[in-house]
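Structure file my_file_7.cif (mmCIF, C-alpha atoms) follows.
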```
data_input
loop_
_atom_site.label_atom_id
_atom_site.label_comp_id
_atom_site.auth_asym_id
_atom_site.auth_seq_id
_atom_site.Cartn_x
_atom_site.Cartn_y
_atom_site.Cartn_z
CA ASP A 1 0.00 0.00 0.00
CA ALA A 2 1.71 3.20 -1.18
CA GLY A 3 2.15 5.91 1.40
CA VAL A 4 2.62 9.56 0.50
CA THR A 5 4.41 10.00 -2.82
CA GLN A 6 6.28 13.17 -3.74
CA SER A 7 7.87 14.18 -7.02
CA PRO A 8 10.45 15.00 -8.06
CA THR A 9 12.87 13.81 -5.38
CA HIS A 10 15.50 16.40 -6.25
CA LEU A 11 15.35 19.65 -8.18
CA ILE A 12 17.78 22.44 -9.01
CA LYS A 13 16.41 25.83 -10.01
CA THR A 14 17.86 29.26 -10.68
CA ARG A 15 17.03 32.28 -8.55
CA GLY A 16 13.95 34.07 -9.91
CA GLN A 17 12.45 30.96 -11.51
CA GLN A 18 9.23 29.23 -10.54
CA VAL A 19 8.85 25.64 -9.32
CA THR A 20 6.00 23.16 -8.87
CA LEU A 21 6.23 20.23 -6.46
CA ARG A 22 3.73 17.40 -6.43
CA CYS A 23 2.23 15.15 -3.77
CA SER A 24 -0.05 12.13 -3.88
CA PRO A 25 -1.59 11.41 -0.48
CA LYS A 26 -1.88 8.04 1.14
CA SER A 27 -4.92 6.07 0.04
CA GLY A 28 -7.96 7.09 2.08
CA HIS A 29 -6.52 10.44 3.12
CA ASP A 30 -8.21 13.69 2.09
CA THR A 31 -6.15 16.40 3.80
CA VAL A 32 -2.70 17.50 2.67
CA SER A 33 -0.21 19.75 4.44
CA TRP A 34 3.08 21.09 3.17
CA TYR A 35 6.17 21.78 5.26
CA GLN A 36 9.52 23.40 4.52
CA GLN A 37 12.57 21.94 6.25
CA ALA A 38 15.73 24.02 5.91
CA LEU A 39 19.05 22.31 6.50
CA GLY A 40 19.58 21.64 10.20
CA GLN A 41 16.09 22.83 11.13
CA GLY A 42 12.76 21.29 11.94
CA PRO A 43 9.88 21.38 9.47
CA GLN A 44 7.88 24.62 9.24
CA PHE A 45 4.22 24.55 8.30
CA ILE A 46 3.41 26.22 4.97
CA PHE A 47 -0.29 25.45 4.42
CA GLN A 48 -2.98 22.81 4.52
CA TYR A 49 -5.53 21.81 1.87
CA TYR A 50 -8.87 20.12 2.27
CA GLU A 51 -11.76 19.93 -0.21
CA GLU A 52 -9.58 21.73 -2.76
CA GLU A 53 -9.29 24.81 -0.55
CA GLU A 54 -6.51 26.24 1.56
CA ARG A 55 -7.70 25.88 5.14
CA GLN A 56 -4.74 27.00 7.18
CA ARG A 57 -1.56 28.88 6.39
CA GLY A 58 1.71 29.36 8.18
CA ASN A 59 3.99 32.38 8.07
CA PHE A 60 5.03 32.17 4.42
CA PRO A 61 4.81 34.88 1.73
CA ASP A 62 2.34 34.84 -1.14
CA ARG A 63 5.09 33.53 -3.42
CA PHE A 64 4.12 30.16 -1.94
CA SER A 65 0.83 28.90 -3.29
CA GLY A 66 -0.84 25.56 -3.66
CA HIS A 67 -3.61 23.57 -5.12
CA GLN A 68 -5.54 20.43 -4.32
CA PHE A 69 -7.21 18.36 -7.00
CA PRO A 70 -10.46 16.33 -6.82
CA ASN A 71 -8.40 13.14 -6.33
CA TYR A 72 -6.85 14.79 -3.21
CA SER A 73 -3.39 15.14 -4.75
CA SER A 74 -1.72 18.48 -4.26
CA GLU A 75 0.83 20.85 -5.73
CA LEU A 76 3.05 23.41 -4.09
CA ASN A 77 4.14 26.34 -6.28
CA VAL A 78 6.88 28.78 -5.43
CA ASN A 79 7.39 31.88 -7.58
CA ALA A 80 10.40 34.19 -7.84
CA LEU A 81 12.70 31.71 -6.12
CA LEU A 82 15.22 33.00 -3.62
CA LEU A 83 18.39 31.28 -2.46
CA GLY A 84 16.73 30.96 0.95
CA ASP A 85 14.01 28.77 -0.54
CA SER A 86 16.53 25.94 -0.77
CA ALA A 87 15.15 23.24 1.52
CA LEU A 88 13.50 19.85 1.79
CA TYR A 89 9.78 20.22 1.10
CA LEU A 90 7.66 17.65 2.87
CA CYS A 91 4.10 16.71 2.12
CA ALA A 92 1.95 15.03 4.77
CA SER A 93 -1.55 13.61 4.46
CA ARG A 94 -4.26 12.49 6.88
CA GLN A 95 -7.99 12.03 7.10
CA ILE A 96 -9.99 15.08 8.13
CA GLY A 97 -11.35 14.54 11.61
CA LYS A 98 -8.24 12.69 12.72
CA GLY A 99 -5.76 14.63 14.80
CA ASN A 100 -2.29 15.50 13.64
CA TYR A 101 -1.19 12.08 14.93
CA GLY A 102 -2.84 10.72 11.81
CA TYR A 103 -0.33 12.34 9.46
CA THR A 104 1.80 10.26 7.12
CA PHE A 105 4.81 12.08 5.67
CA GLY A 106 6.39 11.65 2.28
CA SER A 107 10.15 11.48 1.78
CA GLY A 108 10.24 15.01 0.44
CA THR A 109 11.53 16.99 -2.52
CA ARG A 110 15.00 18.46 -2.09
CA LEU A 111 14.98 21.89 -3.81
CA THR A 112 18.25 23.67 -4.44
CA VAL A 113 18.15 27.27 -5.68
CA VAL A 114 21.37 28.52 -7.28
CA GLY B 1 7.95 34.01 18.12
CA GLU B 2 8.54 31.33 20.70
CA ASP B 3 10.29 28.16 19.63
CA VAL B 4 10.06 24.51 20.55
CA GLU B 5 13.52 23.86 21.96
CA GLN B 6 15.67 20.75 21.90
CA SER B 7 19.32 20.04 22.50
CA LEU B 8 21.02 19.47 19.17
CA PHE B 9 23.14 16.39 19.83
CA LEU B 10 23.13 13.26 21.98
CA SER B 11 25.62 10.40 21.89
CA VAL B 12 25.13 7.10 23.73
CA ARG B 13 26.60 3.59 23.77
CA GLU B 14 24.65 0.70 22.31
CA GLY B 15 22.52 -0.90 25.01
CA ASP B 16 22.31 2.25 27.14
CA SER B 17 19.17 4.34 27.54
CA SER B 18 18.79 7.59 25.61
CA VAL B 19 16.83 10.54 26.93
CA ILE B 20 15.91 13.35 24.56
CA ASN B 21 14.42 16.48 26.09
CA CYS B 22 12.15 19.17 24.68
CA THR B 23 10.60 22.38 25.94
CA TYR B 24 7.42 23.35 24.14
CA THR B 25 5.58 26.64 24.00
CA ASP B 26 1.82 26.26 23.95
CA SER B 27 0.11 25.05 27.10
CA SER B 28 -3.11 24.57 25.12
CA SER B 29 -1.59 21.99 22.77
CA THR B 30 -3.84 18.96 22.70
CA TYR B 31 -1.16 16.50 21.69
CA LEU B 32 2.61 16.42 21.71
CA TYR B 33 4.61 14.28 19.33
CA TRP B 34 7.93 12.60 18.77
CA TYR B 35 9.08 12.02 15.21
CA LYS B 36 12.15 10.22 13.84
CA GLN B 37 13.95 11.20 10.63
CA GLU B 38 16.59 9.01 9.04
CA PRO B 39 18.92 10.29 6.31
CA GLY B 40 17.11 10.94 3.04
CA ALA B 41 13.75 10.06 4.51
CA GLY B 42 10.63 11.86 5.64
CA LEU B 43 9.31 11.95 9.17
CA GLN B 44 8.12 8.85 10.97
CA LEU B 45 5.75 9.30 13.91
CA LEU B 46 7.22 7.39 16.84
CA THR B 47 4.69 8.19 19.50
CA TYR B 48 2.44 10.93 20.81
CA ILE B 49 0.90 11.83 24.12
CA PHE B 50 -2.39 13.47 25.01
CA SER B 51 -1.89 16.60 27.06
CA ASN B 52 -3.81 15.28 30.08
CA MET B 53 -1.40 12.36 30.49
CA ASP B 54 1.85 12.37 32.43
CA MET B 55 3.43 9.31 30.88
CA LYS B 56 3.04 6.94 27.98
CA GLN B 57 4.98 3.75 27.39
CA ASP B 58 5.22 1.94 24.06
CA GLN B 59 7.68 -0.96 23.97
CA ARG B 60 11.16 0.61 24.28
CA LEU B 61 9.80 4.16 24.24
CA THR B 62 8.68 6.13 27.29
CA VAL B 63 7.30 9.65 27.02
CA LEU B 64 7.12 11.89 30.07
CA LEU B 65 5.13 15.12 30.08
CA ASN B 66 5.44 17.89 32.66
CA LYS B 67 2.75 20.43 31.77
CA LYS B 68 3.71 22.84 34.50
CA ASP B 69 7.20 23.24 33.07
CA LYS B 70 6.11 22.58 29.43
CA HIS B 71 8.72 19.83 29.30
CA LEU B 72 8.52 16.69 27.23
CA SER B 73 11.03 13.85 27.15
CA LEU B 74 11.53 10.69 25.15
CA ARG B 75 13.41 7.78 26.68
CA ILE B 76 14.62 4.98 24.42
CA ALA B 77 15.56 1.86 26.37
CA ASP B 78 18.31 -0.50 25.16
CA THR B 79 19.34 1.89 22.39
CA GLN B 80 20.50 0.20 19.19
CA THR B 81 22.61 1.44 16.28
CA GLY B 82 19.44 1.48 14.19
CA ASP B 83 18.09 4.18 16.50
CA SER B 84 20.68 6.64 15.18
CA ALA B 85 18.64 9.42 13.57
CA ILE B 86 17.29 12.90 14.18
CA TYR B 87 14.41 13.09 16.65
CA PHE B 88 11.89 15.93 16.52
CA CYS B 89 9.57 17.09 19.22
CA ALA B 90 6.36 18.76 17.97
CA GLU B 91 3.25 20.37 19.40
CA ASP B 92 -0.15 21.25 18.02
CA ASP B 93 -0.32 24.93 17.10
CA ASN B 94 -3.16 27.41 16.73
CA ASN B 95 -3.48 26.64 13.03
CA ASN B 96 -4.44 23.09 14.00
CA ASP B 97 -1.17 21.96 12.47
CA MET B 98 2.19 21.31 14.13
CA ARG B 99 5.17 23.29 15.38
CA PHE B 100 8.48 21.41 15.40
CA GLY B 101 11.72 21.75 17.27
CA ALA B 102 15.04 21.86 15.43
CA GLY B 103 15.70 18.19 16.16
CA THR B 104 18.17 16.21 18.27
CA ARG B 105 20.74 14.14 16.40
CA LEU B 106 21.16 10.84 18.26
CA THR B 107 24.37 8.92 17.61
CA VAL B 108 24.62 5.38 18.95
CA LYS B 109 28.14 4.02 19.27
CA PRO B 110 28.78 0.26 19.21
#
```

Any chance you could give the structure as structure tokens?
Amino acid sequence: DAGVTQSPTHLIKTRGQQVTLRCSPKSGHDTVSWYQQALGQGPQFIFQYYEEEERQRGNFPDRFSGHQFPNYSSELNVNALLLGDSALYLCASRQIGKGNYGYTFGSGTRLTVV
Amino acid sequence: GEDVEQSLFLSVREGDSSVINCTYTDSSSTYLYWYKQEPGAGLQLLTYIFSNMDMKQDQRLTVLLNKKDKHLSLRIADTQTGDSAIYFCAEDDNNNDMRFGAGTRLTVKP
């Protein structure tokens, strides 16, 4: 049974470019959250999607946007990339109504901005 | 803003107990969590504790919670080399998502 799948696994982009990261949630899960994990740091919450809408958002600029599709998969878009956007981006999914203990995390997309 | 705080490094001998400590920020957090991250991998939930509990034991893992001091600890009994990883403490935040510490890198020496 596949867990959370993220693609691509690694990505190198140039400053100023735009990037799209993708996430397929675990089967049966309908809620997707995205986290940014800078090197040597813990994950920081970006936003959460449920029913194709952004429900919650962390302290990230509008350059970070997302989308959730009818099949519950999700995308994270980052515009006008900065060097500081280099990080591991983690997607996590759970069922709505379950607490955060219900999250399953993907292995992440490592984004390097040069 | 306030941070969830953890010591950055811990080194133990195989077979010893490991204790990883965490100070969290929000006394209204419903749950507190311990996650494990191995190199190149995502986060794996190890255990969690409801905020009205003082202790939870799950096989080799023991979680202690001191709400008064906002202190959470994770004890790993009989630590093995396979336990070498980064361990994150996390709390529920006001967004109904989670706030993580910076992680404690556990090294287990044979």

Using all atoms listed in the file, which residue out of A:Leu88, A:His67, A:Gln41, A:Arg55 lies closest to chain B?
-> A:Gln41

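With CA of Ser93 (chain A) on one side and CA of Pro43 (chain A) on the other, the separation reads 14.7 Å.
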
Taking all atoms listed in the file into account, which of A:Arg94, A:Arg63, A:His29, A:Arg57 comes nearest chain B?
->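 The closest residue to chain B is A:Arg57.
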
Work out how far CA of Thr5 (chain A) is from CA of Val78 (chain A), in Å to one decimal.
-> 19.1 Å

Counting only C-alpha atoms, what are the residues of chain B within 8 Å of chain A, and for each of them which pair of atoms is the nearest and at what distance in Å, to one decimal? Sort the table by chain and rising number, as a tab-separated table.
```
residue	atom	partner	partner_atom	distance
B:Tyr33	CA	A:Tyr101	CA	7.6
B:Gly40	CA	A:Ser107	CA	7.1
B:Ala41	CA	A:Ser107	CA	4.7
B:Gly42	CA	A:Ser107	CA	3.9
B:Leu43	CA	A:Phe105	CA	5.7
B:Gln44	CA	A:Phe105	CA	7.0
B:Leu45	CA	A:Tyr101	CA	7.5
B:Tyr48	CA	A:Tyr101	CA	7.0
B:Phe88	CA	A:Gly42	CA	7.1
B:Asp92	CA	A:Asn100	CA	7.5
B:Asn95	CA	A:Gln56	CA	6.0
B:Asn96	CA	A:Gln56	CA	7.9
B:Asp97	CA	A:Asn100	CA	6.7
B:Met98	CA	A:Phe45	CA	7.0
B:Arg99	CA	A:Gln44	CA	6.8
B:Phe100	CA	A:Gly42	CA	5.5
B:Gly101	CA	A:Gly42	CA	5.4
B:Ala102	CA	A:Gly42	CA	4.2
B:Gly103	CA	A:Gly42	CA	6.0
```

Deliver the residues from the most recent selection as a file, using C-alpha atoms, as a CSV table (one decimal), in the coordinates of the input.
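Done, and the output landed in selection.csv:
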```
chain,number,residue,atom,x,y,z
B,33,TYR,CA,4.6,14.3,19.3
B,40,GLY,CA,17.1,10.9,3.0
B,41,ALA,CA,13.8,10.1,4.5
B,42,GLY,CA,10.6,11.9,5.6
B,43,LEU,CA,9.3,12.0,9.2
B,44,GLN,CA,8.1,8.8,11.0
B,45,LEU,CA,5.8,9.3,13.9
B,48,TYR,CA,2.4,10.9,20.8
B,88,PHE,CA,11.9,15.9,16.5
B,92,ASP,CA,-0.2,21.2,18.0
B,95,ASN,CA,-3.5,26.6,13.0
B,96,ASN,CA,-4.4,23.1,14.0
B,97,ASP,CA,-1.2,22.0,12.5
B,98,MET,CA,2.2,21.3,14.1
B,99,ARG,CA,5.2,23.3,15.4
B,100,PHE,CA,8.5,21.4,15.4
B,101,GLY,CA,11.7,21.8,17.3
B,102,ALA,CA,15.0,21.9,15.4
B,103,GLY,CA,15.7,18.2,16.2
```

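What the PyMOL selection byres ((chain B and resi 67) around 12) picks from this file is B:Cys22, B:Thr23, B:Tyr24, B:Thr25, B:Asp26, B:Ser27, B:Ser28, B:Ser29, B:Thr30, B:Tyr31, B:Leu32, B:Ile49, B:Phe50, B:Ser51, B:Asn52, B:Met53, B:Asp54, B:Met55, B:Leu64, B:Leu65, B:Asn66, B:Lys68, B:Asp69, B:Lys70, B:His71, B:Leu72, B:Ser73.
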
Write the residues you've just listed into a file as a tab-separated table (two decimals), in the coordinates of the input, and include C-alpha atoms for each of them.
```tsv
chain	number	residue	atom	x	y	z
B	22	CYS	CA	12.15	19.17	24.68
B	23	THR	CA	10.60	22.38	25.94
B	24	TYR	CA	7.42	23.35	24.14
B	25	THR	CA	5.58	26.64	24.00
B	26	ASP	CA	1.82	26.26	23.95
B	27	SER	CA	0.11	25.05	27.10
B	28	SER	CA	-3.11	24.57	25.12
B	29	SER	CA	-1.59	21.99	22.77
B	30	THR	CA	-3.84	18.96	22.70
B	31	TYR	CA	-1.16	16.50	21.69
B	32	LEU	CA	2.61	16.42	21.71
B	49	ILE	CA	0.90	11.83	24.12
B	50	PHE	CA	-2.39	13.47	25.01
B	51	SER	CA	-1.89	16.60	27.06
B	52	ASN	CA	-3.81	15.28	30.08
B	53	MET	CA	-1.40	12.36	30.49
B	54	ASP	CA	1.85	12.37	32.43
B	55	MET	CA	3.43	9.31	30.88
B	64	LEU	CA	7.12	11.89	30.07
B	65	LEU	CA	5.13	15.12	30.08
B	66	ASN	CA	5.44	17.89	32.66
B	68	LYS	CA	3.71	22.84	34.50
B	69	ASP	CA	7.20	23.24	33.07
B	70	LYS	CA	6.11	22.58	29.43
B	71	HIS	CA	8.72	19.83	29.30
B	72	LEU	CA	8.52	16.69	27.23
B	73	SER	CA	11.03	13.85	27.15
```

Do you know which residues are at most 12 Å from Val12 (chain B) counting all atoms listed in the file, after dropping those on the same chain fewer than 3 positions away, and could you put them as a list in words?
->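 That gives Phe9, Gly15, Asp16, Ser17, Ser18, Val19, Ile20, Ile76, Ala77, Asp78, Thr79, Gln80, Thr81, Asp83, Ser84, Arg105, Leu106, Thr107, Val108, Lys109 and Pro110 of chain B.
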
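Proximity to Ile12 (chain A) was assessed for A:Leu83, A:Lys26, A:Glu53, A:Val114 counting all atoms listed in the file; the smallest distance is recorded for A:Val114.
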
So, counting all atoms listed in the file, which residue among A:Asn77, A:Gln36, A:Ser65, A:Asn59 is closest to Thr20 (chain A)?
->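 Comparing A:Asn77, A:Gln36, A:Ser65, A:Asn59 against Thr20 (chain A), the winner is A:Asn77.
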
Leu61 (chain B) surroundings by all atoms listed in the file, 9 Å radius, close-in-sequence under 5 positions cut, as a list in words =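 Result of the neighbour search: Leu46, Thr47, Lys56, Leu74, Arg75, Ile76 and Ala77 of chain B.
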
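CA of Asn79 (chain A) lies 11.1 Å from CA of Gly66 (chain A).
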
Counting all atoms listed in the file, the option among A:Ala2, A:Ala87, A:Ile96, A:Leu81 closest to Thr14 (chain A) = A:Leu81

Shortest contact to Val19 (chain A), candidates A:Gly97, A:Phe64, A:Ser74, A:Trp34, atoms counted only C-alpha atoms, goes to A:Phe64

Coordinates of box centre and edge lengths for region 54-59 of chain A, 3 Å on every side, axis-aligned, as lines of an AutoDock Vina configuration file:
```
center_x = -1.9
center_y = 29.1
center_z = 4.9
size_x = 17.7
size_y = 12.5
size_z = 12.6
```

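Once Arg22 (chain A) and its same-chain neighbours fewer than 2 positions away are set aside, A:Gln6, A:Ser7, A:Thr20, A:Ser24, A:Ser74, A:Glu75, A:Leu76 remain within 7 Å of it when counting all atoms listed in the file.
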
List the residues selected by the PyMOL selection byres ((chain A and resi 51) around 10) in the file shown, writing them as a PyMOL selection string.
-> chain A and resi 30-32+49-50+52-55+68-72+96

Output region 33-57 of chain B with N, CA, C and O atoms present, as a tab-separated table (two decimals), in the frame of the given file.
```tsv
chain	number	residue	atom	x	y	z
B	33	TYR	N	4.18	15.36	20.22
B	33	TYR	CA	4.61	14.28	19.33
B	33	TYR	C	6.13	14.11	19.35
B	33	TYR	O	6.88	15.07	19.57
B	34	TRP	N	6.54	12.89	19.06
B	34	TRP	CA	7.93	12.60	18.77
B	34	TRP	C	8.02	11.93	17.41
B	34	TRP	O	7.37	10.92	17.16
B	35	TYR	N	8.84	12.55	16.54
B	35	TYR	CA	9.08	12.02	15.21
B	35	TYR	C	10.55	11.63	15.06
B	35	TYR	O	11.43	12.21	15.70
B	36	LYS	N	10.79	10.67	14.16
B	36	LYS	CA	12.15	10.22	13.84
B	36	LYS	C	12.40	10.48	12.36
B	36	LYS	O	11.51	10.23	11.52
B	37	GLN	N	13.58	10.99	12.03
B	37	GLN	CA	13.95	11.20	10.63
B	37	GLN	C	15.31	10.58	10.37
B	37	GLN	O	16.31	10.98	10.97
B	38	GLU	N	15.33	9.62	9.46
B	38	GLU	CA	16.59	9.01	9.04
B	38	GLU	C	17.08	9.70	7.79
B	38	GLU	O	16.30	10.36	7.08
B	39	PRO	N	18.36	9.58	7.47
B	39	PRO	CA	18.92	10.29	6.31
B	39	PRO	C	18.15	10.02	5.04
B	39	PRO	O	17.87	8.86	4.70
B	40	GLY	N	17.80	11.10	4.32
B	40	GLY	CA	17.11	10.94	3.04
B	40	GLY	C	15.66	10.53	3.15
B	40	GLY	O	15.03	10.23	2.13
B	41	ALA	N	15.13	10.54	4.34
B	41	ALA	CA	13.75	10.06	4.51
B	41	ALA	C	12.87	11.16	5.09
B	41	ALA	O	13.35	12.19	5.58
B	42	GLY	N	11.58	10.94	5.02
B	42	GLY	CA	10.63	11.86	5.64
B	42	GLY	C	10.55	11.60	7.13
B	42	GLY	O	11.43	10.97	7.72
B	43	LEU	N	9.49	12.09	7.73
B	43	LEU	CA	9.31	11.95	9.17
B	43	LEU	C	8.46	10.73	9.48
B	43	LEU	O	7.44	10.49	8.84
B	44	GLN	N	8.88	10.01	10.51
B	44	GLN	CA	8.12	8.85	10.97
B	44	GLN	C	7.62	9.15	12.38
B	44	GLN	O	8.41	9.45	13.27
B	45	LEU	N	6.30	9.08	12.58
B	45	LEU	CA	5.75	9.30	13.91
B	45	LEU	C	6.13	8.13	14.81
B	45	LEU	O	5.79	6.98	14.52
B	46	LEU	N	6.83	8.44	15.90
B	46	LEU	CA	7.22	7.39	16.84
B	46	LEU	C	6.13	7.16	17.88
B	46	LEU	O	5.75	6.03	18.17
B	47	THR	N	5.69	8.27	18.47
B	47	THR	CA	4.69	8.19	19.50
B	47	THR	C	4.13	9.58	19.74
B	47	THR	O	4.71	10.57	19.31
B	48	TYR	N	3.01	9.64	20.45
B	48	TYR	CA	2.44	10.93	20.81
B	48	TYR	C	1.74	10.76	22.15
B	48	TYR	O	1.43	9.64	22.58
B	49	ILE	N	1.51	11.89	22.81
B	49	ILE	CA	0.90	11.83	24.12
B	49	ILE	C	-0.18	12.90	24.21
B	49	ILE	O	0.00	14.02	23.74
B	50	PHE	N	-1.30	12.54	24.78
B	50	PHE	CA	-2.39	13.47	25.01
B	50	PHE	C	-2.00	14.37	26.18
B	50	PHE	O	-1.38	13.91	27.15
B	51	SER	N	-2.40	15.61	26.11
B	51	SER	CA	-1.89	16.60	27.06
B	51	SER	C	-2.36	16.37	28.50
B	51	SER	O	-1.80	16.97	29.43
B	52	ASN	N	-3.37	15.52	28.71
B	52	ASN	CA	-3.81	15.28	30.08
B	52	ASN	C	-3.15	14.05	30.70
B	52	ASN	O	-3.51	13.60	31.78
B	53	MET	N	-2.16	13.51	29.99
B	53	MET	CA	-1.40	12.36	30.49
B	53	MET	C	-0.04	12.83	30.99
B	53	MET	O	0.50	13.83	30.52
B	54	ASP	N	0.51	12.08	31.94
B	54	ASP	CA	1.85	12.37	32.43
B	54	ASP	C	2.90	11.48	31.77
B	54	ASP	O	4.07	11.85	31.68
B	55	MET	N	2.48	10.28	31.39
B	55	MET	CA	3.43	9.31	30.88
B	55	MET	C	2.72	8.40	29.88
B	55	MET	O	1.54	8.10	30.00
B	56	LYS	N	3.53	7.95	28.91
B	56	LYS	CA	3.04	6.94	27.98
B	56	LYS	C	4.20	6.03	27.65
B	56	LYS	O	5.31	6.49	27.37
B	57	GLN	N	3.93	4.71	27.70
B	57	GLN	CA	4.98	3.75	27.39
B	57	GLN	C	4.55	2.92	26.18
B	57	GLN	O	3.40	2.49	26.09
```
